[in-house]
$ cat entry34.txt   # compact mmCIF, N, CA and C atoms
# COMPACT_ATOMS: atom_id res chain seq x y z
N MET A 22 0.84 -1.19 0.00
CA MET A 22 0.00 0.00 0.00
C MET A 22 0.88 1.24 0.00
N ASP A 23 0.53 2.19 -0.83
CA ASP A 23 1.22 3.48 -0.84
C ASP A 23 0.50 4.39 0.16
N TRP A 24 1.12 4.62 1.31
CA TRP A 24 0.50 5.40 2.38
C TRP A 24 0.33 6.87 2.03
N ASN A 25 0.95 7.33 0.94
CA ASN A 25 0.83 8.72 0.52
C ASN A 25 -0.18 8.91 -0.61
N HIS A 26 -0.90 7.86 -0.95
CA HIS A 26 -1.92 7.93 -2.00
C HIS A 26 -3.30 7.96 -1.35
N TYR A 27 -4.14 8.89 -1.79
CA TYR A 27 -5.47 9.05 -1.21
C TYR A 27 -6.54 9.12 -2.29
N ARG A 28 -7.69 8.53 -1.97
CA ARG A 28 -8.91 8.67 -2.76
C ARG A 28 -9.98 9.22 -1.81
N PHE A 29 -10.56 10.33 -2.20
CA PHE A 29 -11.61 10.93 -1.38
C PHE A 29 -12.89 11.04 -2.21
N ARG A 30 -14.00 10.91 -1.53
CA ARG A 30 -15.31 11.19 -2.15
C ARG A 30 -16.18 11.84 -1.09
N SER A 31 -16.79 12.95 -1.48
CA SER A 31 -17.75 13.64 -0.61
C SER A 31 -19.01 13.88 -1.41
N LEU A 32 -20.14 13.69 -0.76
CA LEU A 32 -21.44 13.92 -1.38
C LEU A 32 -22.14 15.04 -0.62
N TRP A 33 -22.51 16.09 -1.36
CA TRP A 33 -23.15 17.23 -0.74
C TRP A 33 -24.57 17.38 -1.28
N PRO A 34 -25.58 16.87 -0.59
CA PRO A 34 -26.96 17.17 -1.00
C PRO A 34 -27.25 18.64 -0.69
N LEU A 35 -27.81 19.33 -1.65
CA LEU A 35 -28.06 20.77 -1.52
C LEU A 35 -29.47 21.10 -2.00
N THR A 36 -30.06 22.12 -1.43
CA THR A 36 -31.42 22.51 -1.83
C THR A 36 -31.42 23.41 -3.06
N ALA A 37 -30.30 23.98 -3.41
CA ALA A 37 -30.21 24.88 -4.57
C ALA A 37 -30.24 24.06 -5.86
N PRO A 38 -30.72 24.68 -6.95
CA PRO A 38 -30.75 23.97 -8.22
C PRO A 38 -29.35 23.71 -8.78
N PRO A 39 -29.19 22.67 -9.59
CA PRO A 39 -27.87 22.30 -10.12
C PRO A 39 -27.13 23.44 -10.81
N ASP A 40 -27.82 24.25 -11.58
CA ASP A 40 -27.13 25.34 -12.30
C ASP A 40 -26.47 26.32 -11.33
N ALA A 41 -27.16 26.65 -10.23
CA ALA A 41 -26.60 27.58 -9.25
C ALA A 41 -25.40 26.97 -8.53
N VAL A 42 -25.50 25.68 -8.20
CA VAL A 42 -24.40 24.99 -7.53
C VAL A 42 -23.19 24.91 -8.46
N TYR A 43 -23.44 24.52 -9.71
CA TYR A 43 -22.34 24.41 -10.68
C TYR A 43 -21.64 25.76 -10.87
N GLU A 44 -22.43 26.81 -10.97
CA GLU A 44 -21.85 28.14 -11.16
C GLU A 44 -20.97 28.53 -9.97
N ALA A 45 -21.45 28.27 -8.75
CA ALA A 45 -20.67 28.62 -7.56
C ALA A 45 -19.39 27.79 -7.49
N LEU A 46 -19.48 26.50 -7.77
CA LEU A 46 -18.29 25.64 -7.72
C LEU A 46 -17.31 25.96 -8.85
N GLY A 47 -17.81 26.51 -9.94
CA GLY A 47 -16.95 26.87 -11.07
C GLY A 47 -16.16 28.15 -10.87
N ARG A 48 -16.45 28.89 -9.81
CA ARG A 48 -15.74 30.14 -9.51
C ARG A 48 -14.81 29.93 -8.32
N ALA A 49 -13.72 29.22 -8.54
CA ALA A 49 -12.80 28.88 -7.45
C ALA A 49 -12.24 30.13 -6.77
N GLU A 50 -12.10 31.21 -7.50
CA GLU A 50 -11.55 32.43 -6.89
C GLU A 50 -12.47 32.97 -5.79
N ASP A 51 -13.75 32.54 -5.77
CA ASP A 51 -14.68 32.96 -4.73
C ASP A 51 -14.70 32.01 -3.53
N TYR A 52 -14.06 30.87 -3.62
CA TYR A 52 -14.11 29.90 -2.52
C TYR A 52 -13.74 30.50 -1.17
N PRO A 53 -12.70 31.32 -1.07
CA PRO A 53 -12.36 31.86 0.26
C PRO A 53 -13.50 32.66 0.91
N ARG A 54 -14.45 33.14 0.12
CA ARG A 54 -15.58 33.90 0.67
C ARG A 54 -16.54 33.00 1.44
N TRP A 55 -16.65 31.74 1.02
CA TRP A 55 -17.63 30.87 1.67
C TRP A 55 -17.04 29.58 2.27
N TRP A 56 -15.79 29.26 1.94
CA TRP A 56 -15.16 28.03 2.44
C TRP A 56 -13.95 28.45 3.24
N ARG A 57 -14.08 28.49 4.56
CA ARG A 57 -13.04 29.10 5.39
C ARG A 57 -11.70 28.40 5.33
N GLN A 58 -11.64 27.12 4.99
CA GLN A 58 -10.35 26.43 4.89
C GLN A 58 -9.61 26.75 3.60
N VAL A 59 -10.29 27.29 2.62
CA VAL A 59 -9.62 27.75 1.40
C VAL A 59 -9.20 29.19 1.69
N ARG A 60 -7.95 29.33 2.06
CA ARG A 60 -7.45 30.61 2.56
C ARG A 60 -7.19 31.63 1.45
N GLN A 61 -6.75 31.13 0.28
CA GLN A 61 -6.40 32.06 -0.80
C GLN A 61 -6.44 31.33 -2.14
N VAL A 62 -6.96 32.03 -3.14
CA VAL A 62 -6.92 31.54 -4.51
C VAL A 62 -6.36 32.67 -5.36
N THR A 63 -5.28 32.38 -6.06
CA THR A 63 -4.65 33.37 -6.94
C THR A 63 -4.71 32.83 -8.36
N ARG A 64 -5.47 33.51 -9.19
CA ARG A 64 -5.61 33.08 -10.57
C ARG A 64 -4.35 33.43 -11.34
N LEU A 65 -3.80 32.44 -12.07
CA LEU A 65 -2.61 32.67 -12.89
C LEU A 65 -2.97 32.98 -14.33
N ASP A 66 -4.02 32.34 -14.82
CA ASP A 66 -4.54 32.61 -16.17
C ASP A 66 -5.98 32.11 -16.21
N GLU A 67 -6.55 31.96 -17.39
CA GLU A 67 -7.96 31.57 -17.52
C GLU A 67 -8.27 30.18 -16.97
N THR A 68 -7.30 29.29 -16.92
CA THR A 68 -7.58 27.92 -16.51
C THR A 68 -6.73 27.43 -15.34
N THR A 69 -5.89 28.29 -14.78
CA THR A 69 -4.96 27.84 -13.75
C THR A 69 -4.93 28.82 -12.58
N GLY A 70 -4.83 28.26 -11.37
CA GLY A 70 -4.72 29.09 -10.18
C GLY A 70 -3.95 28.37 -9.09
N VAL A 71 -3.47 29.14 -8.14
CA VAL A 71 -2.78 28.59 -6.98
C VAL A 71 -3.73 28.72 -5.79
N ILE A 72 -3.90 27.61 -5.06
CA ILE A 72 -4.84 27.55 -3.95
C ILE A 72 -4.06 27.21 -2.68
N ARG A 73 -4.31 27.99 -1.63
CA ARG A 73 -3.71 27.69 -0.33
C ARG A 73 -4.84 27.30 0.61
N ILE A 74 -4.72 26.10 1.20
CA ILE A 74 -5.74 25.60 2.11
C ILE A 74 -5.14 25.26 3.47
N ARG A 75 -5.99 25.31 4.47
CA ARG A 75 -5.59 24.91 5.81
C ARG A 75 -6.85 24.53 6.56
N SER A 76 -6.88 23.31 7.06
CA SER A 76 -8.03 22.85 7.82
C SER A 76 -7.70 22.91 9.30
N VAL A 77 -7.98 21.86 10.05
CA VAL A 77 -7.79 21.87 11.49
C VAL A 77 -6.32 21.73 11.87
N LEU A 78 -5.59 20.90 11.15
CA LEU A 78 -4.19 20.66 11.48
C LEU A 78 -3.34 21.90 11.17
N PRO A 79 -2.26 22.11 11.91
CA PRO A 79 -1.48 23.35 11.78
C PRO A 79 -0.47 23.34 10.63
N TYR A 80 -0.96 23.13 9.42
CA TYR A 80 -0.10 23.25 8.25
C TYR A 80 -0.93 23.71 7.06
N ASP A 81 -0.30 24.47 6.18
CA ASP A 81 -0.93 24.90 4.93
C ASP A 81 -0.53 23.92 3.83
N MET A 82 -1.41 23.80 2.87
CA MET A 82 -1.08 23.07 1.65
C MET A 82 -1.29 24.04 0.50
N THR A 83 -0.35 24.03 -0.43
CA THR A 83 -0.44 24.90 -1.60
C THR A 83 -0.51 24.02 -2.83
N LEU A 84 -1.52 24.28 -3.64
CA LEU A 84 -1.78 23.47 -4.83
C LEU A 84 -1.91 24.37 -6.04
N THR A 85 -1.43 23.91 -7.16
CA THR A 85 -1.75 24.56 -8.42
C THR A 85 -2.83 23.71 -9.07
N ALA A 86 -3.94 24.34 -9.39
CA ALA A 86 -5.07 23.64 -10.01
C ALA A 86 -5.21 24.15 -11.44
N ARG A 87 -5.22 23.21 -12.37
CA ARG A 87 -5.39 23.55 -13.79
C ARG A 87 -6.64 22.87 -14.30
N GLU A 88 -7.56 23.67 -14.79
CA GLU A 88 -8.81 23.15 -15.31
C GLU A 88 -8.55 22.27 -16.53
N VAL A 89 -9.09 21.06 -16.51
CA VAL A 89 -8.95 20.16 -17.66
C VAL A 89 -10.30 19.84 -18.30
N ARG A 90 -11.37 20.07 -17.56
CA ARG A 90 -12.70 19.87 -18.15
C ARG A 90 -13.70 20.77 -17.45
N ARG A 91 -14.44 21.52 -18.25
CA ARG A 91 -15.55 22.35 -17.77
C ARG A 91 -16.71 22.04 -18.70
N ASP A 92 -17.67 21.26 -18.20
CA ASP A 92 -18.79 20.80 -19.01
C ASP A 92 -20.10 21.08 -18.28
N PRO A 93 -20.67 22.27 -18.46
CA PRO A 93 -21.90 22.62 -17.75
C PRO A 93 -23.06 21.67 -18.07
N ALA A 94 -23.16 21.19 -19.30
CA ALA A 94 -24.26 20.29 -19.65
C ALA A 94 -24.20 18.99 -18.84
N ALA A 95 -23.00 18.50 -18.58
CA ALA A 95 -22.82 17.28 -17.79
C ALA A 95 -22.67 17.59 -16.30
N GLY A 96 -22.50 18.86 -15.95
CA GLY A 96 -22.31 19.25 -14.56
C GLY A 96 -20.94 18.88 -14.02
N VAL A 97 -19.93 18.82 -14.90
CA VAL A 97 -18.60 18.34 -14.50
C VAL A 97 -17.56 19.45 -14.55
N LEU A 98 -16.78 19.53 -13.48
CA LEU A 98 -15.61 20.40 -13.39
C LEU A 98 -14.44 19.53 -12.93
N THR A 99 -13.39 19.44 -13.73
CA THR A 99 -12.24 18.60 -13.37
C THR A 99 -10.97 19.44 -13.44
N THR A 100 -10.11 19.25 -12.43
CA THR A 100 -8.83 19.95 -12.39
C THR A 100 -7.70 18.96 -12.16
N ALA A 101 -6.55 19.27 -12.75
CA ALA A 101 -5.31 18.57 -12.45
C ALA A 101 -4.64 19.33 -11.32
N LEU A 102 -4.13 18.60 -10.34
CA LEU A 102 -3.52 19.22 -9.16
C LEU A 102 -2.03 18.93 -9.11
N SER A 103 -1.25 19.93 -8.73
CA SER A 103 0.18 19.75 -8.52
C SER A 103 0.60 20.63 -7.35
N GLY A 104 1.78 20.38 -6.83
CA GLY A 104 2.26 21.12 -5.67
C GLY A 104 2.41 20.19 -4.50
N ASP A 105 1.75 20.48 -3.38
CA ASP A 105 1.85 19.64 -2.19
C ASP A 105 1.15 18.29 -2.37
N VAL A 106 0.30 18.21 -3.38
CA VAL A 106 -0.27 16.93 -3.82
C VAL A 106 -0.24 16.91 -5.34
N GLU A 107 -0.21 15.70 -5.89
CA GLU A 107 -0.26 15.50 -7.34
C GLU A 107 -1.44 14.60 -7.63
N GLY A 108 -2.26 14.99 -8.60
CA GLY A 108 -3.39 14.15 -8.97
C GLY A 108 -4.48 14.96 -9.62
N TRP A 109 -5.73 14.66 -9.26
CA TRP A 109 -6.86 15.35 -9.86
C TRP A 109 -8.02 15.45 -8.87
N ALA A 110 -8.92 16.38 -9.19
CA ALA A 110 -10.15 16.56 -8.41
C ALA A 110 -11.27 16.85 -9.39
N ARG A 111 -12.47 16.38 -9.03
CA ARG A 111 -13.62 16.58 -9.93
C ARG A 111 -14.89 16.84 -9.12
N TRP A 112 -15.62 17.86 -9.51
CA TRP A 112 -16.98 18.10 -9.04
C TRP A 112 -17.93 17.58 -10.11
N THR A 113 -18.97 16.89 -9.69
CA THR A 113 -20.05 16.49 -10.58
C THR A 113 -21.35 16.91 -9.91
N VAL A 114 -22.10 17.77 -10.57
CA VAL A 114 -23.34 18.30 -10.00
C VAL A 114 -24.51 17.73 -10.79
N THR A 115 -25.43 17.08 -10.07
CA THR A 115 -26.60 16.46 -10.71
C THR A 115 -27.86 16.85 -9.94
N PRO A 116 -29.02 16.75 -10.61
CA PRO A 116 -30.29 17.02 -9.91
C PRO A 116 -30.52 15.97 -8.83
N LEU A 117 -31.13 16.40 -7.74
CA LEU A 117 -31.53 15.50 -6.67
C LEU A 117 -32.83 16.06 -6.11
N GLY A 118 -33.95 15.46 -6.50
CA GLY A 118 -35.25 15.99 -6.10
C GLY A 118 -35.37 17.43 -6.59
N PRO A 119 -35.83 18.32 -5.72
CA PRO A 119 -35.94 19.73 -6.13
C PRO A 119 -34.60 20.48 -6.05
N GLY A 120 -33.58 19.84 -5.54
CA GLY A 120 -32.27 20.48 -5.38
C GLY A 120 -31.21 19.81 -6.23
N SER A 121 -30.07 19.56 -5.62
CA SER A 121 -28.97 18.98 -6.38
C SER A 121 -28.06 18.18 -5.46
N LEU A 122 -27.17 17.42 -6.09
CA LEU A 122 -26.14 16.68 -5.40
C LEU A 122 -24.81 17.08 -6.02
N ALA A 123 -23.91 17.58 -5.18
CA ALA A 123 -22.55 17.89 -5.63
C ALA A 123 -21.66 16.76 -5.12
N ARG A 124 -21.07 16.06 -6.06
CA ARG A 124 -20.17 14.95 -5.71
C ARG A 124 -18.74 15.40 -5.98
N TYR A 125 -17.89 15.24 -4.97
CA TYR A 125 -16.49 15.61 -5.08
C TYR A 125 -15.65 14.34 -5.03
N ASP A 126 -14.85 14.12 -6.06
CA ASP A 126 -13.91 13.00 -6.10
C ASP A 126 -12.52 13.57 -6.24
N GLN A 127 -11.59 12.98 -5.51
CA GLN A 127 -10.20 13.43 -5.58
C GLN A 127 -9.29 12.20 -5.44
N VAL A 128 -8.31 12.13 -6.32
CA VAL A 128 -7.29 11.08 -6.25
C VAL A 128 -5.94 11.79 -6.30
N VAL A 129 -5.18 11.66 -5.22
CA VAL A 129 -3.92 12.40 -5.12
C VAL A 129 -2.85 11.57 -4.41
N SER A 130 -1.63 11.95 -4.67
CA SER A 130 -0.48 11.46 -3.91
C SER A 130 0.15 12.67 -3.25
N VAL A 131 0.46 12.53 -1.99
CA VAL A 131 1.04 13.63 -1.22
C VAL A 131 2.51 13.78 -1.59
N THR A 132 2.93 15.02 -1.84
CA THR A 132 4.34 15.30 -2.13
C THR A 132 4.98 16.17 -1.06
N LYS A 133 4.18 16.80 -0.22
CA LYS A 133 4.70 17.66 0.85
C LYS A 133 5.57 16.82 1.78
N PRO A 134 6.86 17.16 1.94
CA PRO A 134 7.79 16.31 2.70
C PRO A 134 7.33 15.95 4.12
N LEU A 135 6.84 16.92 4.88
CA LEU A 135 6.43 16.64 6.25
C LEU A 135 5.31 15.60 6.27
N LEU A 136 4.34 15.76 5.41
CA LEU A 136 3.21 14.82 5.39
C LEU A 136 3.64 13.44 4.91
N ARG A 137 4.60 13.39 4.02
CA ARG A 137 5.13 12.09 3.57
C ARG A 137 5.82 11.37 4.72
N ARG A 138 6.59 12.12 5.53
CA ARG A 138 7.28 11.50 6.66
C ARG A 138 6.30 10.96 7.70
N LEU A 139 5.16 11.60 7.82
CA LEU A 139 4.15 11.20 8.81
C LEU A 139 3.06 10.31 8.21
N ALA A 140 3.30 9.79 7.03
CA ALA A 140 2.27 9.07 6.28
C ALA A 140 1.60 7.95 7.06
N VAL A 141 2.36 7.08 7.67
CA VAL A 141 1.76 5.92 8.33
C VAL A 141 1.01 6.33 9.61
N PRO A 142 1.67 6.98 10.56
CA PRO A 142 0.92 7.30 11.78
C PRO A 142 -0.13 8.39 11.55
N GLY A 143 0.09 9.26 10.56
CA GLY A 143 -0.80 10.39 10.35
C GLY A 143 -2.00 10.13 9.46
N ARG A 144 -1.99 9.03 8.74
CA ARG A 144 -3.04 8.79 7.74
C ARG A 144 -4.47 8.95 8.29
N PRO A 145 -4.83 8.34 9.41
CA PRO A 145 -6.20 8.52 9.91
C PRO A 145 -6.51 9.97 10.26
N VAL A 146 -5.52 10.66 10.78
CA VAL A 146 -5.71 12.07 11.13
C VAL A 146 -5.86 12.91 9.87
N PHE A 147 -5.05 12.65 8.84
CA PHE A 147 -5.15 13.39 7.59
C PHE A 147 -6.51 13.18 6.93
N ARG A 148 -7.01 11.95 6.97
CA ARG A 148 -8.33 11.66 6.39
C ARG A 148 -9.43 12.39 7.17
N ALA A 149 -9.32 12.39 8.49
CA ALA A 149 -10.30 13.09 9.31
C ALA A 149 -10.24 14.60 9.05
N ASN A 150 -9.04 15.13 8.90
CA ASN A 150 -8.85 16.54 8.60
C ASN A 150 -9.55 16.90 7.28
N HIS A 151 -9.39 16.05 6.29
CA HIS A 151 -10.04 16.28 4.99
C HIS A 151 -11.55 16.24 5.14
N ALA A 152 -12.06 15.26 5.89
CA ALA A 152 -13.50 15.15 6.09
C ALA A 152 -14.07 16.39 6.77
N LEU A 153 -13.36 16.91 7.78
CA LEU A 153 -13.81 18.13 8.45
C LEU A 153 -13.83 19.31 7.49
N MET A 154 -12.82 19.40 6.66
CA MET A 154 -12.76 20.48 5.67
C MET A 154 -13.94 20.38 4.70
N MET A 155 -14.25 19.19 4.26
CA MET A 155 -15.35 19.03 3.30
C MET A 155 -16.70 19.34 3.96
N ARG A 156 -16.89 18.93 5.20
CA ARG A 156 -18.15 19.26 5.89
C ARG A 156 -18.31 20.78 6.03
N SER A 157 -17.23 21.42 6.38
CA SER A 157 -17.26 22.88 6.51
C SER A 157 -17.54 23.54 5.16
N GLY A 158 -16.95 23.00 4.10
CA GLY A 158 -17.18 23.54 2.77
C GLY A 158 -18.65 23.44 2.37
N ARG A 159 -19.28 22.32 2.67
CA ARG A 159 -20.70 22.16 2.35
C ARG A 159 -21.53 23.20 3.11
N ARG A 160 -21.27 23.35 4.40
CA ARG A 160 -22.02 24.34 5.19
C ARG A 160 -21.83 25.75 4.62
N GLY A 161 -20.59 26.07 4.25
CA GLY A 161 -20.33 27.38 3.68
C GLY A 161 -21.03 27.59 2.35
N LEU A 162 -21.04 26.56 1.52
CA LEU A 162 -21.71 26.68 0.23
C LEU A 162 -23.22 26.85 0.42
N VAL A 163 -23.80 26.12 1.37
CA VAL A 163 -25.23 26.28 1.65
C VAL A 163 -25.54 27.74 2.01
N ARG A 164 -24.76 28.29 2.92
CA ARG A 164 -24.97 29.71 3.33
C ARG A 164 -24.78 30.65 2.14
N HIS A 165 -23.75 30.38 1.34
CA HIS A 165 -23.46 31.22 0.17
C HIS A 165 -24.64 31.19 -0.83
N LEU A 166 -25.14 30.00 -1.11
CA LEU A 166 -26.23 29.87 -2.08
C LEU A 166 -27.52 30.48 -1.56
N GLU A 167 -27.75 30.41 -0.26
CA GLU A 167 -28.94 31.04 0.32
C GLU A 167 -28.88 32.55 0.24
N ALA A 168 -27.67 33.11 0.30
CA ALA A 168 -27.49 34.56 0.27
C ALA A 168 -27.56 35.13 -1.15
N VAL A 169 -27.36 34.27 -2.15
CA VAL A 169 -27.34 34.74 -3.54
C VAL A 169 -28.73 34.91 -4.07

$ encode --input "entry34.txt" --output "structure tokens"
Amino acid sequence: MDWNHYRFRSLWPLTAPPDAVYEALGRAEDYPRWWRQVRQVTRLDETTGVIRIRSVLPYDMTLTAREVRRDPAAGVLTTALSGDVEGWARWTVTPLGPGSLARYDQVVSVTKPLLRRLAVPGRPVFRANHALMMRSGRRGLVRHLEAV
């Protein structure tokens, strides 16, 4: 087993319609306004940005995200990730009753040296940290969509 390889999936049932959710998730530069763990997003060009995140644990992660697929008809947003992790992340937004379901999938390998050194003992804590960040992101998006 590669202790530095992670697969994450989060499902966010939301009351907002799919188009509104997709639009909000497609504007990564706005994430810091509603997702407190996304500390900073700096756009480099039309399809690439640098994202700095920090959840409960006392370390920042810096990622470069490059858009590889933006398909509003399918509700899909996919990015290639590099920096403190290497891999990809994808949002898929679909109808769910009168609202929507935002599904987040991420497959990455950690490259940040400190996290690699702590891979075995830290793995459960890192996974819990990610889960807390995702729960907070959902709550923030709900508030953001209600305010729009």

$ residues_around --input "entry34.txt" --residues "A:Leu32" --least-positions-apart "5" --cutoff "8 Å" --atoms "only N, CA and C atoms" --output "JSON, numbers by chain"
{"A": [122, 123, 124, 125, 126, 159]}

$ closest_residue --input "entry34.txt" --among "A:Val77, A:Val71, A:Ala49, A:Ala94" --to "A:Thr113" --atoms "only C-alpha atoms"
A:Ala94

$ closest_residue --input "entry34.txt" --among "A:Arg90, A:Glu44, A:Asn25, A:Asp66" --to "A:Pro145" --atoms "only C-alpha atoms"
A:Asn25

$ closest_residue --input "entry34.txt" --among "A:Ala101, A:Gln58, A:Trp109, A:Val128" --to "A:Val89" --atoms "all atoms listed in the file"
A:Ala101

$ select_by_dssp --input "entry34.txt" --residues "stretch 23-150 of chain A" --states "strand (DSSP E)" --output "PyMOL selection string"
chain A and resi 26-35+59-64+69-74+82-92+97-104+106-117+120-131

$ atom_distance --input "entry34.txt" --atom1 "atom CA of A:Arg87" --atom2 "atom CA of A:Leu65"
9.6 Å

$ atom_distance --input "entry34.txt" --atom1 "atom C of A:Trp112" --atom2 "atom C of A:Ala95"
7.8 Å

$ atom_distance --input "entry34.txt" --atom1 "atom C of A:Leu135" --atom2 "atom C of A:Tyr80"
10.3 Å

$ residues_near_point --input "entry34.txt" --point "(-18.3, 27.5, -2.8)" --cutoff "8 Å" --atoms "only N, CA and C atoms" --output "number ranges by chain"
A: 42, 44-49, 51-56, 158-159, 161-163, 165-166

$ select_by_dssp --input "entry34.txt" --residues "chain A" --states "helix (DSSP H, G or I)" --output "NGL selection string"
:A and (39-46 or 49-55 or 134-138 or 140-168)

$ decode --input "entry34.txt" --residues "stretch 27-45 of chain A" --atoms "C-alpha atoms" --output "PDB file, in the first residue's frame"
ATOM      1  CA  TYR A  27      -5.472   9.046  -1.207  1.00  0.00           C
ATOM      2  CA  ARG A  28      -8.915   8.671  -2.757  1.00  0.00           C
ATOM      3  CA  PHE A  29     -11.609  10.935  -1.383  1.00  0.00           C
ATOM      4  CA  ARG A  30     -15.307  11.188  -2.148  1.00  0.00           C
ATOM      5  CA  SER A  31     -17.747  13.640  -0.614  1.00  0.00           C
ATOM      6  CA  LEU A  32     -21.439  13.925  -1.383  1.00  0.00           C
ATOM      7  CA  TRP A  33     -23.150  17.232  -0.735  1.00  0.00           C
ATOM      8  CA  PRO A  34     -26.957  17.171  -1.002  1.00  0.00           C
ATOM      9  CA  LEU A  35     -28.056  20.770  -1.520  1.00  0.00           C
ATOM     10  CA  THR A  36     -31.416  22.508  -1.833  1.00  0.00           C
ATOM     11  CA  ALA A  37     -30.205  24.880  -4.569  1.00  0.00           C
ATOM     12  CA  PRO A  38     -30.748  23.973  -8.224  1.00  0.00           C
ATOM     13  CA  PRO A  39     -27.874  22.301 -10.116  1.00  0.00           C
ATOM     14  CA  ASP A  40     -27.133  25.337 -12.295  1.00  0.00           C
ATOM     15  CA  ALA A  41     -26.602  27.584  -9.249  1.00  0.00           C
ATOM     16  CA  VAL A  42     -24.397  24.992  -7.532  1.00  0.00           C
ATOM     17  CA  TYR A  43     -22.340  24.413 -10.680  1.00  0.00           C
ATOM     18  CA  GLU A  44     -21.853  28.143 -11.163  1.00  0.00           C
ATOM     19  CA  ALA A  45     -20.667  28.616  -7.560  1.00  0.00           C
TER      20      ALA A  45
END
